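Undergrad: Take a look at start13.csv, CSV, C-alpha atoms:
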chain,number,residue,atom,x,y,z
A,1076,MET,CA,-7.9,3.1,-204.1
A,1077,ALA,CA,-6.7,6.5,-205.4
A,1078,LYS,CA,-4.8,4.6,-208.0
A,1079,LYS,CA,-7.9,2.7,-209.1
A,1080,ILE,CA,-10.0,5.9,-209.3
A,1081,SER,CA,-7.4,7.6,-211.5
A,1082,LYS,CA,-7.2,4.6,-213.7
A,1083,ILE,CA,-11.0,4.6,-214.1
A,1084,ALA,CA,-10.8,8.3,-214.9
A,1085,VAL,CA,-8.2,7.6,-217.6
A,1086,PHE,CA,-10.5,5.0,-219.1
A,1087,THR,CA,-13.5,7.3,-219.0
A,1088,ALA,CA,-11.5,10.1,-220.6
A,1089,LEU,CA,-10.4,7.7,-223.3
A,1090,ALA,CA,-13.9,6.6,-224.0
A,1091,LEU,CA,-15.0,10.2,-224.2
A,1092,ILE,CA,-12.3,11.1,-226.7
A,1093,LEU,CA,-13.1,8.1,-228.9
A,1094,SER,CA,-16.8,9.0,-228.8
A,1095,TYR,CA,-15.8,12.6,-229.7
A,1096,ILE,CA,-13.7,11.4,-232.7
A,1097,GLU,CA,-16.6,9.4,-233.9
A,1098,ALA,CA,-19.0,12.3,-233.5
A,1099,VAL,CA,-16.7,14.6,-235.5
A,1100,LEU,CA,-15.5,12.1,-238.1
A,1101,PRO,CA,-18.3,9.6,-238.6
A,1102,PHE,CA,-17.1,6.4,-240.3
A,1103,SER,CA,-20.4,6.1,-242.1
A,1104,ILE,CA,-20.8,3.5,-244.8
A,1105,GLY,CA,-24.2,4.8,-245.9
A,1106,ILE,CA,-26.4,2.4,-244.0
A,1107,PRO,CA,-28.5,4.2,-241.4
A,1108,GLY,CA,-27.6,3.3,-237.8
A,1109,VAL,CA,-24.4,1.6,-238.6
A,1110,LYS,CA,-21.3,2.9,-237.0
A,1111,LEU,CA,-18.1,1.5,-235.6
A,1112,GLY,CA,-18.5,2.4,-232.0
A,1113,LEU,CA,-14.9,3.0,-231.2
A,1114,SER,CA,-15.6,3.8,-227.6
A,1115,ASN,CA,-16.6,0.2,-227.1
A,1116,ILE,CA,-12.9,-0.7,-227.1
A,1117,VAL,CA,-12.8,1.0,-223.7
A,1118,THR,CA,-16.0,-0.7,-222.5
A,1119,VAL,CA,-14.7,-4.2,-223.5
A,1120,THR,CA,-11.3,-3.6,-222.1
A,1121,ALA,CA,-12.7,-2.2,-218.8
A,1122,LEU,CA,-14.9,-5.2,-218.4
A,1123,TYR,CA,-11.8,-7.5,-218.4
A,1124,TYR,CA,-9.4,-5.1,-216.7
A,1125,PHE,CA,-11.7,-3.9,-213.8
A,1126,GLY,CA,-15.0,-5.7,-213.6
A,1127,VAL,CA,-18.7,-5.1,-213.9
A,1128,LYS,CA,-19.2,-2.3,-211.4
A,1129,GLU,CA,-16.5,0.0,-212.8
A,1130,THR,CA,-17.5,-0.7,-216.4
A,1131,VAL,CA,-21.1,0.3,-215.7
A,1132,GLY,CA,-19.8,3.5,-214.2
A,1133,ILE,CA,-17.5,4.3,-217.1
A,1134,THR,CA,-20.3,3.6,-219.6
A,1135,LEU,CA,-22.9,5.6,-217.8
A,1136,ILE,CA,-20.6,8.7,-217.5
A,1137,ARG,CA,-19.5,8.4,-221.1
A,1138,VAL,CA,-23.1,8.1,-222.5
A,1139,VAL,CA,-24.5,10.9,-220.4
A,1140,ILE,CA,-21.6,13.4,-221.1
A,1141,ILE,CA,-21.6,12.7,-224.9
A,1142,GLY,CA,-25.4,13.0,-224.9
A,1143,ILE,CA,-25.2,16.4,-223.2
A,1144,LEU,CA,-22.4,17.6,-225.4
A,1145,PHE,CA,-23.4,16.4,-228.9
A,1146,GLY,CA,-26.9,15.0,-228.7
A,1147,ASN,CA,-30.4,15.6,-227.4
A,1148,ILE,CA,-32.8,13.7,-225.2
A,1149,PRO,CA,-33.9,11.2,-227.8
A,1150,SER,CA,-30.3,10.4,-228.9
A,1151,LEU,CA,-29.4,10.0,-225.2
A,1152,ILE,CA,-32.2,7.5,-224.8
A,1153,TYR,CA,-31.0,5.5,-227.9
A,1154,SER,CA,-27.5,5.5,-226.6
A,1155,LEU,CA,-28.4,4.5,-223.0
A,1156,SER,CA,-30.7,1.7,-224.3
A,1157,GLY,CA,-28.0,0.4,-226.7
A,1158,ALA,CA,-25.1,0.8,-224.3
A,1159,PHE,CA,-26.7,-1.0,-221.4
A,1160,LEU,CA,-28.4,-3.8,-223.3
A,1161,SER,CA,-25.0,-4.4,-224.9
A,1162,LEU,CA,-23.2,-4.3,-221.6
A,1163,ILE,CA,-25.6,-6.7,-219.9
A,1164,THR,CA,-25.2,-9.2,-222.8
A,1165,MET,CA,-21.4,-8.8,-222.7
A,1166,ILE,CA,-21.3,-9.6,-218.9
A,1167,ILE,CA,-23.4,-12.7,-219.6
A,1168,CYS,CA,-21.2,-13.8,-222.5
A,1169,LYS,CA,-18.1,-13.3,-220.5
A,1170,LYS,CA,-19.6,-15.5,-217.7
A,1171,LEU,CA,-20.3,-18.1,-220.4
A,1172,LYS,CA,-16.6,-18.1,-221.2
A,1173,LEU,CA,-16.7,-16.6,-224.7
A,1174,SER,CA,-13.5,-15.1,-225.9
A,1175,VAL,CA,-13.0,-11.3,-226.1
A,1176,ILE,CA,-13.9,-11.3,-229.7
A,1177,GLY,CA,-17.1,-13.3,-229.1
A,1178,VAL,CA,-18.1,-11.1,-226.2
A,1179,SER,CA,-17.5,-8.0,-228.2
A,1180,ALA,CA,-19.3,-9.3,-231.3
A,1181,ILE,CA,-22.5,-10.3,-229.4
A,1182,GLY,CA,-22.2,-7.0,-227.5
A,1183,GLY,CA,-22.2,-5.2,-230.9
A,1184,VAL,CA,-25.4,-7.0,-232.0
A,1185,PHE,CA,-27.2,-6.2,-228.8
A,1186,HIS,CA,-26.1,-2.6,-228.9
A,1187,ASN,CA,-28.0,-2.3,-232.2
A,1188,ILE,CA,-31.0,-4.3,-230.8
A,1189,GLY,CA,-31.2,-1.9,-227.8
A,1190,GLN,CA,-31.2,1.1,-230.1
A,1191,LEU,CA,-33.8,-0.5,-232.3
A,1192,ILE,CA,-36.1,-1.3,-229.3
A,1193,ALA,CA,-35.8,2.3,-228.1
A,1194,ALA,CA,-36.6,3.6,-231.6
A,1195,ALA,CA,-39.5,1.3,-232.1
A,1196,PHE,CA,-40.9,2.3,-228.7
A,1197,MET,CA,-40.6,6.0,-229.4
A,1198,LEU,CA,-42.1,5.8,-232.9
A,1199,TYR,CA,-44.6,3.2,-231.9
A,1200,SER,CA,-44.0,1.6,-235.3
A,1201,GLU,CA,-43.4,-2.0,-236.3
A,1202,ALA,CA,-41.9,-0.7,-239.6
A,1203,LEU,CA,-38.5,-0.7,-237.9
A,1204,ILE,CA,-38.5,-4.3,-237.1
A,1205,TYR,CA,-37.9,-5.2,-240.8
A,1206,TYR,CA,-34.5,-3.6,-240.3
A,1207,TYR,CA,-33.2,-6.0,-237.8
A,1208,PRO,CA,-31.3,-8.4,-240.0
A,1209,VAL,CA,-29.1,-5.5,-241.3
A,1210,LEU,CA,-28.4,-4.3,-237.7
A,1211,PHE,CA,-27.6,-7.9,-236.6
A,1212,ILE,CA,-25.0,-8.4,-239.2
A,1213,SER,CA,-23.5,-4.9,-238.9
A,1214,GLY,CA,-23.4,-5.2,-235.1
A,1215,LEU,CA,-21.6,-8.5,-235.5
A,1216,VAL,CA,-19.0,-7.1,-237.9
A,1217,THR,CA,-18.3,-3.9,-235.9
A,1218,GLY,CA,-18.3,-5.9,-232.6
A,1219,PHE,CA,-15.9,-8.4,-234.1
A,1220,LEU,CA,-13.5,-5.6,-235.2
A,1221,ILE,CA,-13.7,-3.9,-231.8
A,1222,GLY,CA,-13.0,-7.3,-230.2
A,1223,LEU,CA,-10.0,-7.8,-232.5
A,1224,ALA,CA,-8.7,-4.4,-231.4
A,1225,SER,CA,-9.4,-5.0,-227.7
A,1226,THR,CA,-7.6,-8.4,-227.4
A,1227,PRO,CA,-4.0,-7.1,-227.5
A,1228,VAL,CA,-5.0,-4.1,-225.3
A,1229,ILE,CA,-6.4,-6.4,-222.6
A,1230,LYS,CA,-3.4,-8.7,-222.9
A,1231,ASN,CA,-0.8,-5.9,-222.5
A,1232,LEU,CA,-2.7,-4.1,-219.8
A,1233,HIS,CA,-2.7,-7.2,-217.6
A,1234,LYS,CA,1.1,-7.3,-217.9
A,1235,ILE,CA,1.6,-3.8,-216.4
A,1236,LYS,CA,-1.1,-4.3,-213.8
A,1237,SER,CA,1.2,-5.9,-211.3
A,1238,GLY,CA,4.1,-3.6,-211.9
A,1239,SER,CA,2.2,-0.3,-211.7
B,1398,MET,CA,-11.8,-17.6,-230.5
B,1399,ASN,CA,-13.3,-20.8,-229.1
B,1400,LYS,CA,-16.2,-23.1,-229.9
B,1401,ARG,CA,-18.7,-21.1,-227.9
B,1402,ASP,CA,-17.9,-18.0,-230.0
B,1403,PHE,CA,-18.6,-19.8,-233.2
B,1404,ILE,CA,-21.9,-21.1,-231.8
B,1405,ALA,CA,-23.0,-17.6,-230.6
B,1406,ILE,CA,-22.0,-15.9,-233.9
B,1407,GLY,CA,-23.6,-18.7,-235.9
B,1408,VAL,CA,-26.9,-18.2,-234.1
B,1409,VAL,CA,-26.9,-14.5,-234.9
B,1410,ILE,CA,-26.1,-15.1,-238.6
B,1411,LEU,CA,-28.8,-17.8,-238.8
B,1412,LEU,CA,-31.4,-15.4,-237.2
B,1413,SER,CA,-30.5,-12.7,-239.6
B,1414,VAL,CA,-30.7,-14.9,-242.7
B,1415,ILE,CA,-34.1,-16.2,-241.5
B,1416,GLY,CA,-35.4,-12.7,-240.8
B,1417,PHE,CA,-34.1,-11.4,-244.1
B,1418,LEU,CA,-35.7,-14.2,-246.1
B,1419,THR,CA,-39.0,-14.0,-244.2
B,1420,PHE,CA,-39.2,-10.2,-244.7
B,1421,THR,CA,-38.2,-10.3,-248.4
B,1422,LEU,CA,-40.6,-13.1,-249.3
B,1423,ASN,CA,-43.5,-11.5,-247.4
B,1424,GLN,CA,-42.9,-8.0,-248.6
B,1425,LYS,CA,-46.1,-6.7,-250.1
B,1426,SER,CA,-45.7,-4.3,-253.0
B,1427,GLY,CA,-48.5,-2.0,-252.2
B,1428,ASP,CA,-50.3,0.7,-254.1
B,1429,ASN,CA,-50.5,3.4,-251.3
B,1430,VAL,CA,-48.2,5.4,-249.3
B,1431,LYS,CA,-49.1,5.7,-245.6
B,1432,ILE,CA,-47.5,8.5,-243.6
B,1433,THR,CA,-47.3,8.5,-239.8
B,1434,VAL,CA,-46.0,11.4,-237.8
B,1435,ASP,CA,-45.3,11.0,-234.0
B,1436,LYS,CA,-47.6,7.9,-233.8
B,1437,GLN,CA,-50.5,9.8,-235.5
B,1438,ASP,CA,-51.9,9.0,-238.9
B,1439,TYR,CA,-50.9,11.8,-241.3
B,1440,GLY,CA,-52.5,10.5,-244.4
B,1441,THR,CA,-52.5,7.9,-247.2
B,1442,TYR,CA,-51.7,8.7,-250.8
B,1443,PRO,CA,-51.9,6.6,-254.0
B,1444,LEU,CA,-48.5,5.6,-255.4
B,1445,SER,CA,-49.8,6.0,-258.9
B,1446,LYS,CA,-50.3,9.7,-258.7
B,1447,ASN,CA,-47.2,11.9,-258.7
B,1448,ASP,CA,-47.2,14.2,-255.8
B,1449,GLU,CA,-44.9,16.3,-253.6
B,1450,PHE,CA,-45.6,17.7,-250.2
B,1451,SER,CA,-43.7,19.1,-247.2
B,1452,ILE,CA,-44.5,17.7,-243.8
B,1453,LYS,CA,-43.7,20.1,-241.0
B,1454,THR,CA,-43.4,18.9,-237.4
B,1455,ASP,CA,-42.2,20.6,-234.2
B,1456,SER,CA,-38.7,19.3,-234.9
B,1457,GLY,CA,-38.4,20.2,-238.6
B,1458,TYR,CA,-39.6,19.3,-242.1
B,1459,ASN,CA,-39.4,16.5,-244.6
B,1460,THR,CA,-40.2,16.8,-248.2
B,1461,VAL,CA,-41.9,13.6,-249.4
B,1462,VAL,CA,-42.1,13.0,-253.2
B,1463,ILE,CA,-44.2,10.3,-255.0
B,1464,GLU,CA,-42.9,9.8,-258.5
B,1465,ASN,CA,-43.5,7.1,-261.1
B,1466,GLY,CA,-44.8,4.6,-258.6
B,1467,ARG,CA,-42.0,5.1,-256.1
B,1468,VAL,CA,-41.8,7.3,-253.0
B,1469,TYR,CA,-38.8,9.0,-251.6
B,1470,ILE,CA,-37.8,11.8,-249.2
B,1471,LYS,CA,-36.3,14.6,-251.3
B,1472,ASP,CA,-35.2,16.8,-248.5
B,1473,ALA,CA,-35.1,17.1,-244.7
B,1474,ASP,CA,-33.6,19.5,-242.2
B,1475,CYS,CA,-32.3,16.8,-239.9
B,1476,ARG,CA,-28.6,16.3,-239.2
B,1477,ASP,CA,-27.9,12.9,-240.6
B,1478,LYS,CA,-30.2,12.8,-243.6
B,1479,TYR,CA,-30.7,9.0,-243.3
B,1480,CYS,CA,-34.2,9.3,-244.6
B,1481,VAL,CA,-33.0,11.0,-247.8
B,1482,ASN,CA,-30.2,8.5,-248.2
B,1483,GLN,CA,-32.7,5.6,-248.0
B,1484,GLY,CA,-33.6,6.4,-251.6
B,1485,LYS,CA,-36.6,5.6,-253.7
B,1486,ILE,CA,-38.8,2.7,-252.6
B,1487,LYS,CA,-41.8,0.9,-254.0
B,1488,SER,CA,-42.1,-1.5,-251.0
B,1489,GLY,CA,-41.1,-1.4,-247.3
B,1490,SER,CA,-40.6,1.8,-245.4
B,1491,ILE,CA,-38.6,4.9,-244.8
B,1492,VAL,CA,-38.1,6.1,-241.3
B,1493,CYS,CA,-36.9,9.5,-240.0
B,1494,LEU,CA,-36.1,9.0,-236.4
B,1495,PRO,CA,-35.4,12.7,-235.3
B,1496,HIS,CA,-38.8,13.8,-236.8
B,1497,LYS,CA,-40.7,10.7,-235.8
B,1498,LEU,CA,-41.8,10.2,-239.3
B,1499,VAL,CA,-42.6,6.9,-240.9
B,1500,VAL,CA,-43.4,6.5,-244.6
B,1501,GLU,CA,-44.7,3.1,-245.4
B,1502,VAL,CA,-45.9,1.5,-248.7
B,1503,VAL,CA,-49.1,-0.4,-247.9
B,1504,SER,CA,-51.4,-2.5,-250.0
B,1505,ASP,CA,-55.0,-1.5,-250.7
B,1506,ASN,CA,-56.6,-3.6,-247.9
B,1507,ASP,CA,-54.4,-2.1,-245.2
B,1508,SER,CA,-55.5,1.5,-245.8
B,1509,ILE,CA,-58.5,3.4,-244.8
B,1510,ASP,CA,-59.0,4.8,-248.3
B,1511,ALA,CA,-59.8,1.4,-249.6
B,1512,VAL,CA,-62.7,1.1,-247.2
B,1513,VAL,CA,-64.0,4.5,-248.4
B,1514,LYS,CA,-63.7,3.5,-252.1
So that I can check it, write out the structure of this file as structure tokens.

TA:
Amino acid sequence: MAKKISKIAVFTALALILSYIEAVLPFSIGIPGVKLGLSNIVTVTALYYFGVKETVGITLIRVVIIGILFGNIPSLIYSLSGAFLSLITMIICKKLKLSVIGVSAIGGVFHNIGQLIAAAFMLYSEALIYYYPVLFISGLVTGFLIGLASTPVIKNLHKIKSGS
Amino acid sequence: MNKRDFIAIGVVILLSVIGFLTFTLNQKSGDNVKITVDKQDYGTYPLSKNDEFSIKTDSGYNTVVIENGRVYIKDADCRDKYCVNQGKIKSGSIVCLPHKLVVEVVSDNDSIDAVVK
């Protein structure tokens, strides 16, 4: 149990560092709302390494701490909405036997949808809906890249799981 | 990657293409600029008349400029400046999330001014 808690803590710390790196050095390509989402490598990996409960915990702690440190209340709402819609879809996609890359790509798309829904709700404007095709494609691409990065991590972590 | 991945990714790409085509084909090139701040109507201005005004909200300001039939946000004191980077538009909309500001190009029949005229 103690071993598991410390492992979860390491995952959470890693997610925080990756979020921090992205907050300090944004890999912006000039399209509003598009970012790589490095910390999703941890979310995807945790989903395969631990399971649903632990991943929900890690994600919640990461989003709240990053929100308090670097954001404000609106940005926290966008992040929560994006992170959890993404997580729910990833859990469903994993159950539907998609590969890590597929799970991550669809998760990326729904991360953007979650943020768009939160933004549309807060602005009470349908003007944002026109933006969805851009966010779909960008979420797909970033999610794909995150999945590509997570695949070897998950494979190698499972190797040391039994030995640790 | 397996067959299910390709199906899921294919559906997303298809939906994006459909959405993109629908919005592009239906995009009305309007004559007026409608500005909404925090869900409230701020005002509607003609695109044909050059104009510049600063919109102050509780969270900051945005300088909106109408110039030669196009509208853009010249300056804002938000952190990311996405609204400024969205450039000059003559159709569609510019959104500034932190200031809850929406700048939309609308056609005559959508605006209140048209009724008054």

Undergrad: I'd like the neighbourhood of segment 1167-1184 of chain A as a list in words, where a residue qualifies if any of its atoms comes within 6 Å (using all atoms listed in the file), though same-chain residues fewer than 4 positions away should be ignored.

TA: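 The neighbour list is Ser1161, Phe1211, Gly1214, Leu1215, Gly1218, Phe1219, Gly1222 and Leu1223 of chain A; Met1398, Arg1401 and Asp1402 of chain B.
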
Undergrad: Would you pick out the contacts of segment 1472-1484 of chain B at 7 Å or less, using all atoms listed in the file, so that residues sharing its chain but fewer than 2 positions from it are not included, and give the list as a list in words?

TA: Pro1107 of chain A; Gly1457, Tyr1458, Asn1459, Thr1460, Tyr1469, Ile1470, Ile1486, Ile1491, Val1492, Cys1493 and Pro1495 of chain B

Undergrad: Neighbours of Asn1423 of chain B within 12 Å (all atoms listed in the file; same-chain residues fewer than 6 positions away dropped), as a PyMOL selection string?

TA: (chain A and resi 1205) or (chain B and resi 1416-1417+1488-1489)

Undergrad: B:Glu1449, B:Asp1455, B:Glu1464, B:Asp1435: which is nearest chain A, counting only C-alpha atoms?

TA: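 Distance minimum relative to chain A lands on B:Asp1435.
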
Undergrad: Here is a test: counting only C-alpha atoms, which residue of B:Lys1436, B:Pro1443, B:Lys1471, B:Leu1411 is nearest to chain A?

TA: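 Distance minimum relative to chain A lands on B:Lys1436.
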
Undergrad: When you look at segment 1119-1122 of chain A with a cut-off of 9 Å (counting all atoms listed in the file), what residues show up, excluding the ones that are within fewer than 5 positions of it in the same chain? I need them as a PyMOL selection string.

TA: chain A and resi 1083+1086+1127-1131+1133+1162+1165-1166+1169+1175+1178-1179+1182+1221-1222+1225-1226+1228-1229+1232

Undergrad: Nearest to Ile1096 of chain A among A:Ile1141, A:Met1076, A:Leu1135, A:Pro1208, with distances taken over all atoms listed in the file: which residue is it?

TA: A:Ile1141

Undergrad: Counting all atoms listed in the file, which of A:Gly1126, A:Ile1143, A:Ser1094, A:Ala1193 gets nearest to Phe1159 of chain A?

TA: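 The closest residue to Phe1159 of chain A is A:Ala1193.
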
Undergrad: Mind checking which residues fall within 9 Å of Ile1092 of chain A, counting all atoms listed in the file, ignoring those fewer than 5 positions away in the same chain, and posting them as a list in words?

TA: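 Counting all atoms listed in the file, the residues come to Thr1087, Glu1097 and Ser1114 of chain A.
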
Undergrad: I'd like the interatomic distance between atom CA of Val1499 of chain B and atom CA of Val1434 of chain B, to a tenth of an Å.

TA: 6.4 Å

Undergrad: Report, in Å to a single decimal, how far apart atom CA of Ile1452 of chain B and atom CA of Asn1147 of chain A are.

TA: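 Result for atom CA of Asn1147 of chain A versus atom CA of Ile1452 of chain B: 21.7 Å, one decimal.
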
Undergrad: Would you please work out which residue, of A:Lys1078, A:Arg1137, A:His1233, A:His1186, is nearest to Ser1156 of chain A when using only C-alpha atoms?

TA: A:His1186
